[in-house]
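Raw contents of query.tsv, TSV, C-alpha atoms:
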chain	number	residue	atom	x	y	z
A	2	MET	CA	101.55	93.07	56.97
A	3	SER	CA	102.22	89.56	58.26
A	4	HIS	CA	100.08	87.31	60.36
A	5	ASN	CA	102.05	86.08	63.30
A	6	PRO	CA	100.12	83.59	65.40
A	7	SER	CA	102.93	83.44	67.95
A	8	SER	CA	102.33	87.08	68.83
A	9	GLN	CA	98.72	86.42	69.85
A	10	ASN	CA	97.76	86.14	73.48
A	11	HIS	CA	96.35	82.76	74.30
A	12	THR	CA	93.94	82.76	77.23
A	13	ARG	CA	93.50	79.49	79.12
A	14	ILE	CA	89.92	78.42	78.53
A	15	CYS	CA	88.11	75.71	80.55
A	16	THR	CA	87.39	72.77	78.29
A	17	VAL	CA	84.31	70.57	78.49
A	18	ASP	CA	86.52	67.94	80.19
A	19	ASP	CA	87.70	70.51	82.77
A	20	ILE	CA	84.10	71.45	83.58
A	21	SER	CA	83.09	67.80	83.69
A	22	GLN	CA	85.90	67.09	86.16
A	23	ALA	CA	84.93	70.12	88.26
A	24	LEU	CA	81.33	68.91	88.40
A	25	ARG	CA	82.52	65.48	89.45
A	26	ASP	CA	84.57	67.08	92.23
A	27	LEU	CA	81.64	69.23	93.34
A	28	LEU	CA	78.77	66.80	93.10
A	29	GLY	CA	80.65	63.53	93.35
A	30	ALA	CA	78.71	60.76	94.97
A	31	GLU	CA	76.16	63.17	96.48
A	32	SER	CA	74.09	63.67	93.33
A	33	PRO	CA	75.09	61.03	90.78
A	34	HIS	CA	71.94	61.61	88.70
A	35	LYS	CA	72.48	65.38	88.51
A	36	LEU	CA	76.15	64.79	87.69
A	37	LYS	CA	75.31	62.39	84.89
A	38	MET	CA	72.69	64.76	83.46
A	39	LEU	CA	75.05	67.75	83.51
A	40	GLN	CA	77.91	65.75	82.01
A	41	GLU	CA	75.69	64.43	79.24
A	42	THR	CA	74.48	67.96	78.52
A	43	LEU	CA	78.07	69.17	78.27
A	44	HIS	CA	79.06	66.36	75.93
A	45	GLY	CA	75.89	67.00	73.94
A	46	ILE	CA	76.97	70.61	73.42
A	47	ARG	CA	80.42	69.44	72.28
A	48	SER	CA	79.06	66.88	69.83
A	49	GLY	CA	76.56	69.47	68.56
A	50	PHE	CA	79.36	71.58	67.10
A	51	ASP	CA	79.42	71.51	63.36
A	52	PRO	CA	82.54	69.59	62.23
A	53	ALA	CA	82.86	72.25	59.55
A	54	SER	CA	83.89	74.69	62.31
A	55	VAL	CA	87.00	72.62	62.94
A	56	THR	CA	87.96	72.79	59.28
A	57	MET	CA	87.17	76.51	59.29
A	58	SER	CA	89.50	77.33	62.17
A	59	SER	CA	92.27	74.88	61.34
A	60	THR	CA	92.39	75.15	57.56
A	61	ASN	CA	90.08	77.65	55.89
A	62	ILE	CA	90.80	80.71	58.02
A	63	PRO	CA	94.62	80.35	57.95
A	64	ASP	CA	94.34	79.75	54.19
A	65	ALA	CA	92.19	82.88	53.81
A	66	ILE	CA	94.81	84.93	55.67
A	67	LEU	CA	97.47	83.66	53.27
A	68	LYS	CA	95.23	84.47	50.31
A	69	LEU	CA	94.61	88.04	51.49
A	70	SER	CA	98.30	88.44	52.20
A	71	SER	CA	99.17	87.45	48.64
A	72	VAL	CA	96.48	89.82	47.30
A	73	LEU	CA	98.20	92.60	49.21
A	74	SER	CA	101.66	91.79	47.89
A	75	ASP	CA	100.45	91.14	44.32
A	76	SER	CA	98.58	94.43	44.11
A	77	ASN	CA	101.53	96.26	45.62
A	78	GLU	CA	103.90	94.68	43.09
A	79	ALA	CA	101.56	95.56	40.21
A	80	SER	CA	101.37	99.19	41.35
A	81	HIS	CA	105.16	99.43	41.38
A	82	LYS	CA	105.31	97.87	37.94
A	83	VAL	CA	102.88	100.47	36.58
A	84	PHE	CA	104.86	103.29	38.19
A	85	ASN	CA	108.05	102.05	36.58
A	86	LEU	CA	106.37	101.60	33.20
A	87	VAL	CA	104.94	105.11	33.31
A	88	GLU	CA	108.43	106.40	34.17
A	89	SER	CA	109.83	104.65	31.10
A	90	GLN	CA	106.98	106.11	29.04
A	91	HIS	CA	107.96	109.60	30.20
A	92	LYS	CA	111.51	108.97	29.03
A	93	ILE	CA	110.29	107.90	25.57
A	94	VAL	CA	108.06	110.99	25.32
A	95	LYS	CA	111.03	113.20	26.21
A	96	GLN	CA	113.17	111.52	23.52
A	97	GLY	CA	110.39	112.12	21.01
A	98	GLU	CA	110.12	115.78	21.98
A	99	LYS	CA	113.88	116.19	21.62
A	100	GLN	CA	113.84	114.69	18.13
A	101	LEU	CA	110.89	116.83	17.08
A	102	ALA	CA	112.69	119.95	18.30
A	103	GLU	CA	115.78	119.00	16.24
A	104	LEU	CA	113.59	118.35	13.20
A	105	GLU	CA	111.81	121.68	13.66
A	106	GLN	CA	115.15	123.50	13.92
A	107	LEU	CA	116.46	121.86	10.73
A	108	ALA	CA	113.24	122.61	8.85
A	109	GLN	CA	113.30	126.25	9.97
A	110	SER	CA	116.94	126.67	8.89
A	111	GLY	CA	116.12	125.24	5.46
A	112	LYS	CA	118.77	122.52	5.88
A	113	LEU	CA	116.43	119.59	6.04
A	114	GLU	CA	117.53	117.01	3.49
A	115	PRO	CA	115.10	114.22	2.48
A	116	ALA	CA	117.48	111.58	3.89
A	117	ALA	CA	117.61	113.36	7.27
A	118	ALA	CA	113.81	113.68	7.29
A	119	LEU	CA	113.46	109.96	6.61
A	120	SER	CA	115.93	109.18	9.38
A	121	PHE	CA	113.77	111.22	11.80
A	122	VAL	CA	110.67	109.35	10.60
A	123	ALA	CA	112.38	106.01	11.28
A	124	LYS	CA	113.52	107.14	14.75
A	125	TYR	CA	110.09	108.48	15.61
A	126	ARG	CA	108.44	105.28	14.40
A	127	ALA	CA	110.76	103.28	16.68
A	128	LEU	CA	109.75	105.47	19.60
A	129	ASN	CA	106.10	104.86	18.74
A	130	HIS	CA	106.67	101.12	18.81
A	131	ALA	CA	108.41	101.45	22.18
A	132	MET	CA	105.43	103.44	23.49
A	133	GLN	CA	103.03	100.78	22.27
A	134	ALA	CA	105.09	98.06	23.95
A	135	VAL	CA	105.01	99.94	27.26
A	136	ALA	CA	101.25	100.53	26.94
A	137	HIS	CA	100.83	96.80	26.30
A	138	ASP	CA	102.90	95.98	29.40
A	139	ILE	CA	100.72	98.31	31.47
A	140	VAL	CA	97.59	96.50	30.30
A	141	ILE	CA	99.17	93.10	31.01
A	142	SER	CA	100.23	94.26	34.49
A	143	GLN	CA	96.53	94.52	35.36
A	144	GLU	CA	96.22	90.77	34.97
A	145	PHE	CA	96.80	90.39	38.72
A	146	GLN	CA	93.27	91.67	39.33
A	147	ASP	CA	91.77	88.49	37.93
A	148	LEU	CA	93.69	86.25	40.30
A	149	CYS	CA	93.28	88.62	43.24
A	150	GLY	CA	89.56	88.88	42.52
A	151	GLN	CA	89.22	85.09	42.68
A	152	LYS	CA	91.08	84.98	45.99
A	153	VAL	CA	88.98	87.79	47.46
A	154	LYS	CA	85.79	86.04	46.36
A	155	LYS	CA	86.89	82.82	48.11
A	156	VAL	CA	87.60	84.76	51.30
A	157	MET	CA	84.22	86.50	51.03
A	158	ARG	CA	82.50	83.12	50.76
A	159	LEU	CA	84.35	81.93	53.86
A	160	VAL	CA	83.37	85.07	55.80
A	161	CYS	CA	79.73	84.44	54.83
A	162	ASP	CA	80.02	80.82	56.04
A	163	VAL	CA	81.59	81.94	59.30
A	164	GLU	CA	78.81	84.51	59.77
A	165	VAL	CA	76.09	81.88	59.26
A	166	TYR	CA	77.89	79.46	61.57
A	167	LEU	CA	78.42	82.03	64.33
A	168	LYS	CA	74.81	83.19	64.20
A	169	ALA	CA	73.58	79.61	64.46
A	170	LEU	CA	75.97	78.96	67.34
A	171	LEU	CA	74.87	82.09	69.21
A	172	GLU	CA	71.22	81.14	68.74
A	173	GLN	CA	71.94	77.60	69.94
A	174	LEU	CA	73.65	78.95	73.04
A	175	ASN	CA	70.83	81.47	73.48
A	176	VAL	CA	73.22	84.41	73.38
A	177	GLY	CA	71.32	87.60	72.61
A	178	LEU	CA	72.58	89.53	69.61
A	179	PRO	CA	73.07	93.28	70.13
A	180	ASN	CA	70.33	95.61	68.97
A	181	PRO	CA	70.78	96.96	65.46
A	182	LYS	CA	72.60	100.29	65.36
A	183	SER	CA	70.51	103.44	65.37
A	184	ALA	CA	70.33	105.69	62.30
A	185	ALA	CA	72.49	108.28	64.13
A	186	GLU	CA	75.15	105.67	64.94
A	187	LEU	CA	75.17	104.41	61.36
A	188	GLU	CA	75.46	107.98	60.04
A	189	ALA	CA	78.41	108.69	62.34
A	190	GLU	CA	80.18	105.60	60.96
A	191	GLN	CA	79.60	106.53	57.32
A	192	SER	CA	82.55	107.85	55.38
A	193	VAL	CA	82.06	111.35	54.08
A	194	ASP	CA	83.38	112.71	50.78
A	195	GLN	CA	85.80	115.59	50.34
A	196	GLU	CA	83.03	118.17	49.98
A	197	SER	CA	81.35	117.12	53.24
A	198	THR	CA	84.75	116.90	54.94
A	199	ASP	CA	85.54	120.44	53.84
A	200	ALA	CA	82.15	121.68	55.08
A	201	LEU	CA	82.78	119.97	58.41
A	202	LEU	CA	86.30	121.42	58.64
A	203	LYS	CA	84.87	124.89	57.94
A	204	GLU	CA	82.32	124.37	60.71
A	205	LEU	CA	85.19	123.43	62.99
A	206	GLY	CA	87.05	126.60	62.07
A	207	LEU	CA	89.63	125.17	59.68
B	29	MET	CA	102.55	126.66	40.60
B	30	LEU	CA	102.23	127.52	44.29
B	31	PRO	CA	103.68	131.03	44.66
B	32	SER	CA	103.15	131.28	48.43
B	33	ILE	CA	105.08	128.08	49.07
B	34	ASP	CA	108.83	127.62	49.21
B	35	PRO	CA	109.56	124.99	46.53
B	36	ASN	CA	112.48	123.72	48.63
B	37	MET	CA	110.47	123.17	51.77
B	38	LYS	CA	111.18	119.85	53.42
B	39	ILE	CA	108.17	117.55	53.38
B	40	LEU	CA	107.66	114.31	55.29
B	41	VAL	CA	105.26	111.85	53.66
B	42	VAL	CA	104.05	109.18	56.08
B	43	ASP	CA	102.22	106.10	54.81
B	44	ASP	CA	102.67	102.38	55.32
B	45	PHE	CA	101.90	101.70	51.64
B	46	ALA	CA	104.80	102.37	49.31
B	47	THR	CA	102.40	102.89	46.40
B	48	MET	CA	100.53	105.62	48.25
B	49	ARG	CA	103.80	107.32	49.18
B	50	GLN	CA	104.72	107.26	45.47
B	51	ILE	CA	101.36	108.78	44.53
B	52	VAL	CA	101.74	111.57	47.09
B	53	LYS	CA	105.33	112.19	45.95
B	54	LYS	CA	104.29	112.35	42.29
B	55	SER	CA	101.43	114.69	43.12
B	56	LEU	CA	103.74	116.97	45.12
B	57	GLY	CA	106.26	116.78	42.27
B	58	ALA	CA	103.59	117.95	39.86
B	59	LEU	CA	103.18	121.00	42.13
B	60	GLY	CA	106.92	121.70	41.99
B	61	LEU	CA	107.72	120.25	45.40
B	62	HIS	CA	110.54	117.72	45.35
B	63	ASN	CA	112.27	117.88	48.73
B	64	ILE	CA	110.47	114.88	50.12
B	65	THR	CA	111.37	112.29	52.75
B	66	GLU	CA	109.34	109.15	53.31
B	67	ALA	CA	108.36	107.40	56.54
B	68	VAL	CA	106.54	104.10	56.83
B	69	ASP	CA	104.57	104.86	60.00
B	70	GLY	CA	104.24	107.28	62.91
B	71	VAL	CA	107.14	105.77	64.82
B	72	ASP	CA	109.49	106.04	61.86
B	73	ALA	CA	108.17	109.56	61.16
B	74	LEU	CA	108.80	110.80	64.71
B	75	ALA	CA	112.37	109.49	64.55
B	76	LYS	CA	112.92	111.31	61.24
B	77	LEU	CA	111.28	114.50	62.53
B	78	GLU	CA	113.63	114.54	65.51
B	79	LYS	CA	116.62	114.43	63.18
B	80	GLY	CA	115.61	116.93	60.51
B	81	ASP	CA	113.94	120.29	60.15
B	82	PHE	CA	110.73	119.56	58.30
B	83	ASN	CA	108.32	122.22	57.12
B	84	PHE	CA	105.31	120.10	56.33
B	85	ILE	CA	103.86	116.67	57.19
B	86	ILE	CA	101.47	114.63	55.07
B	87	SER	CA	100.28	111.56	56.91
B	88	ASP	CA	97.92	108.68	56.37
B	89	TRP	CA	95.36	107.95	59.12
B	90	ASN	CA	95.36	104.18	59.07
B	91	MET	CA	98.82	102.79	59.79
B	92	PRO	CA	100.33	99.98	61.86
B	93	ASN	CA	102.37	100.67	65.03
B	94	MET	CA	100.98	104.19	65.39
B	95	MET	CA	97.78	105.49	63.85
B	96	GLY	CA	97.88	108.84	62.05
B	97	ILE	CA	95.77	110.48	64.77
B	98	ASP	CA	98.21	109.35	67.48
B	99	PHE	CA	101.10	110.55	65.35
B	100	LEU	CA	99.37	113.94	65.00
B	101	LYS	CA	98.85	114.14	68.77
B	102	ALA	CA	102.53	113.26	69.34
B	103	VAL	CA	103.60	116.01	66.92
B	104	ARG	CA	101.35	118.59	68.57
B	105	ALA	CA	102.59	117.56	72.02
B	106	SER	CA	106.21	118.19	71.07
B	107	ASP	CA	107.61	121.70	71.60
B	108	LYS	CA	109.97	121.20	68.69
B	109	LEU	CA	107.40	119.87	66.21
B	110	LYS	CA	104.05	121.37	67.18
B	111	GLY	CA	104.22	124.23	64.69
B	112	ILE	CA	104.63	122.04	61.60
B	113	PRO	CA	101.57	122.10	59.29
B	114	PHE	CA	99.97	118.67	59.19
B	115	LEU	CA	97.81	117.34	56.36
B	116	MET	CA	95.90	114.17	57.19
B	117	VAL	CA	95.16	111.79	54.32
B	118	THR	CA	92.55	109.12	54.69
B	119	ALA	CA	90.46	106.67	52.71
B	120	GLU	CA	87.75	106.56	55.36
B	121	ALA	CA	86.74	110.07	56.31
B	122	LYS	CA	84.32	109.48	59.12
B	123	ARG	CA	82.76	112.52	60.76
B	124	GLU	CA	84.04	111.50	64.18
B	125	ASN	CA	87.56	111.10	62.78
B	126	VAL	CA	87.49	114.52	61.13
B	127	ILE	CA	86.29	116.08	64.41
B	128	GLU	CA	88.93	114.21	66.42
B	129	ALA	CA	91.67	115.30	64.02
B	130	ALA	CA	90.49	118.92	64.11
B	131	LYS	CA	90.52	118.87	67.92
B	132	ALA	CA	94.02	117.35	67.84
B	133	GLY	CA	95.25	120.23	65.69
B	134	VAL	CA	95.25	118.96	62.11
B	135	SER	CA	95.86	121.68	59.53
B	136	GLN	CA	93.77	120.11	56.78
B	137	TYR	CA	92.19	116.81	55.84
B	138	ILE	CA	92.14	115.21	52.39
B	139	VAL	CA	90.12	112.19	51.31
B	140	LYS	CA	91.56	109.44	49.07
B	141	PRO	CA	91.51	109.17	46.13
B	142	PHE	CA	92.51	112.78	45.58
B	143	THR	CA	93.62	114.78	42.57
B	144	VAL	CA	96.66	117.03	42.20
B	145	GLU	CA	94.19	119.94	42.09
B	146	SER	CA	92.59	119.04	45.40
B	147	LEU	CA	96.03	118.58	46.98
B	148	GLU	CA	96.98	122.01	45.64
B	149	GLU	CA	93.83	123.49	47.20
B	150	LYS	CA	94.74	121.98	50.55
B	151	LEU	CA	98.31	123.30	50.36
B	152	LYS	CA	97.02	126.75	49.51
B	153	ALA	CA	94.55	126.62	52.40
B	154	ILE	CA	97.32	125.63	54.82
B	155	PHE	CA	100.10	127.94	53.67
B	156	ASN	CA	97.98	130.97	52.83
B	157	LYS	CA	96.50	130.77	56.32
B	158	LYS	CA	99.97	130.36	57.80
B	159	SER	CA	101.40	133.38	55.99
B	160	ALA	CA	98.33	135.56	56.69
What would you get if you wrote out this structure as structure tokens?
Amino acid sequence: MSHNPSSQNHTRICTVDDISQALRDLLGAESPHKLKMLQETLHGIRSGFDPASVTMSSTNIPDAILKLSSVLSDSNEASHKVFNLVESQHKIVKQGEKQLAELEQLAQSGKLEPAAALSFVAKYRALNHAMQAVAHDIVISQEFQDLCGQKVKKVMRLVCDVEVYLKALLEQLNVGLPNPKSAAELEAEQSVDQESTDALLKELGL
Amino acid sequence: MLPSIDPNMKILVVDDFATMRQIVKKSLGALGLHNITEAVDGVDALAKLEKGDFNFIISDWNMPNMMGIDFLKAVRASDKLKGIPFLMVTAEAKRENVIEAAKAGVSQYIVKPFTVESLEEKLKAIFNKKSA
């Protein structure tokens, strides 16, 4: 999934300067005191914005999107690696089974010479080593979680900062926050497990 | 492993995540079902369904371009495709989603992460009901 800023719709928003100009056009020379007061209020609102918000929108948020994007691709790559390693493990197990079957057949026919038995032991030991190497690679492939975890934590910290900033901004602008969701609304949003899903499906006639 | 199911039936697995498609394929393989085609989202799936005779659809709910629920509705709205059993797979099984899917005509619903056994149960529920 890629983030494509060019695909976003940009709505033309009136800037503080636009509003200031509109006030000048409306009030003009008729109410210079009112005009001055309103313009100062507008500029006060603009200067009251936390400079951190500029860094957030211009640097931190785009960076967070890149971080999450790399988490997505890294975890995807690691999953594929594990799938491939497990496939190779299956192949080794099959080789081992084949060799054991041959050994069993020889032993049952009474034709098993000590040299042949030792050769089987050597082959089987090699397969064991190969299995251990694959198991080691599987463990190493989980290394991505450390890096991804760090990236996710950074994004979580940013989301917390944005939350604090937005709340403060809404309070400053005296924008009422919506009422907390009711227990029924929260319950409807909760994910249900397979058992509850099955019960619900049964209720619905499935 | 699944006596009531044709092991050669043609299955369409729809998920935007390649890893999840692999997991579903492996799980179906463990049940003796190997005739599987993959699609990356509802749009891709509908195009593939138009071209081939599929017997079963397994689809994720949350996908780009076309959500699983919209894909299900499109399948049920098509004269050619409406009879195909449809198993919805989702990580977030919300009550309202389950109800919406049931109303839209889903055959069964399975919650991630799932086991081969639970997938087998779902297949039995779908195909035993179909053959009854």
Pairwise distance for CA of Ser142 in chain A and CA of Ser70 in chain A, rounded to one decimal in Å: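 Taking CA of Ser142 in chain A as the start and CA of Ser70 in chain A as the end point, the length is 18.7 Å.
You can rank B:Ala130, B:Met95, B:Lys122, B:Lys54 by their closest distance to Leu187 in chain A using all atoms listed in the file, and at the top of that list sits B:Lys122.
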Please check the contacts: residues of chain A at most 12 Å away from chain B, using all atoms listed in the file, listed as an NGL selection string. :A and (2-3 or 73-74 or 76-85 or 87-88 or 185-207)
For range 56-73 of chain B, take all atoms listed in the file, fit an axis-aligned box around them, add 4 Å to each of the six sides, then output centre and edge lengths in Å rounded to one decimal, as JSON.
{"center_x": 107.7, "center_y": 112.9, "center_z": 52.3, "size_x": 17.1, "size_y": 25.6, "size_z": 33.0}
With all atoms listed in the file as the counted atoms, please give the residues lying no more than 12 Å from Val103 in chain B, apart from itself and same-chain residues fewer than 4 positions off, as number ranges by chain. B: 70-71, 73-78, 82, 84-85, 87, 96-99, 107-114, 132-134
Can I get the selection written as a CSV table (one decimal), in the frame of the given file, with C-alpha atoms?
chain,number,residue,atom,x,y,z
B,70,GLY,CA,104.2,107.3,62.9
B,71,VAL,CA,107.1,105.8,64.8
B,73,ALA,CA,108.2,109.6,61.2
B,74,LEU,CA,108.8,110.8,64.7
B,75,ALA,CA,112.4,109.5,64.6
B,76,LYS,CA,112.9,111.3,61.2
B,77,LEU,CA,111.3,114.5,62.5
B,78,GLU,CA,113.6,114.5,65.5
B,82,PHE,CA,110.7,119.6,58.3
B,84,PHE,CA,105.3,120.1,56.3
B,85,ILE,CA,103.9,116.7,57.2
B,87,SER,CA,100.3,111.6,56.9
B,96,GLY,CA,97.9,108.8,62.0
B,97,ILE,CA,95.8,110.5,64.8
B,98,ASP,CA,98.2,109.4,67.5
B,99,PHE,CA,101.1,110.6,65.4
B,107,ASP,CA,107.6,121.7,71.6
B,108,LYS,CA,110.0,121.2,68.7
B,109,LEU,CA,107.4,119.9,66.2
B,110,LYS,CA,104.0,121.4,67.2
B,111,GLY,CA,104.2,124.2,64.7
B,112,ILE,CA,104.6,122.0,61.6
B,113,PRO,CA,101.6,122.1,59.3
B,114,PHE,CA,100.0,118.7,59.2
B,132,ALA,CA,94.0,117.4,67.8
B,133,GLY,CA,95.2,120.2,65.7
B,134,VAL,CA,95.2,119.0,62.1
At a cut-off of 9 Å, using only C-alpha atoms, what residues contact Asn63 in chain B? Leave out same-chain residues fewer than 4 positions from it and give the result as a PyMOL selection string. chain B and resi 35-40+57
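One distance worth recording is that between CA of Ser21 in chain A and CA of Leu43 in chain A, which is 7.5 Å.
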Quick one: distance from CA of Ala53 in chain A to CA of Leu174 in chain A in Å, one decimal?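 If I compute the distance from CA of Ala53 in chain A to CA of Leu174 in chain A, I get 17.7 Å.
If you measure from each of B:Ile33, B:Trp89, B:Ser55, B:Leu61 to Thr143 in chain B using only C-alpha atoms, the closest one turns out to be B:Ser55.
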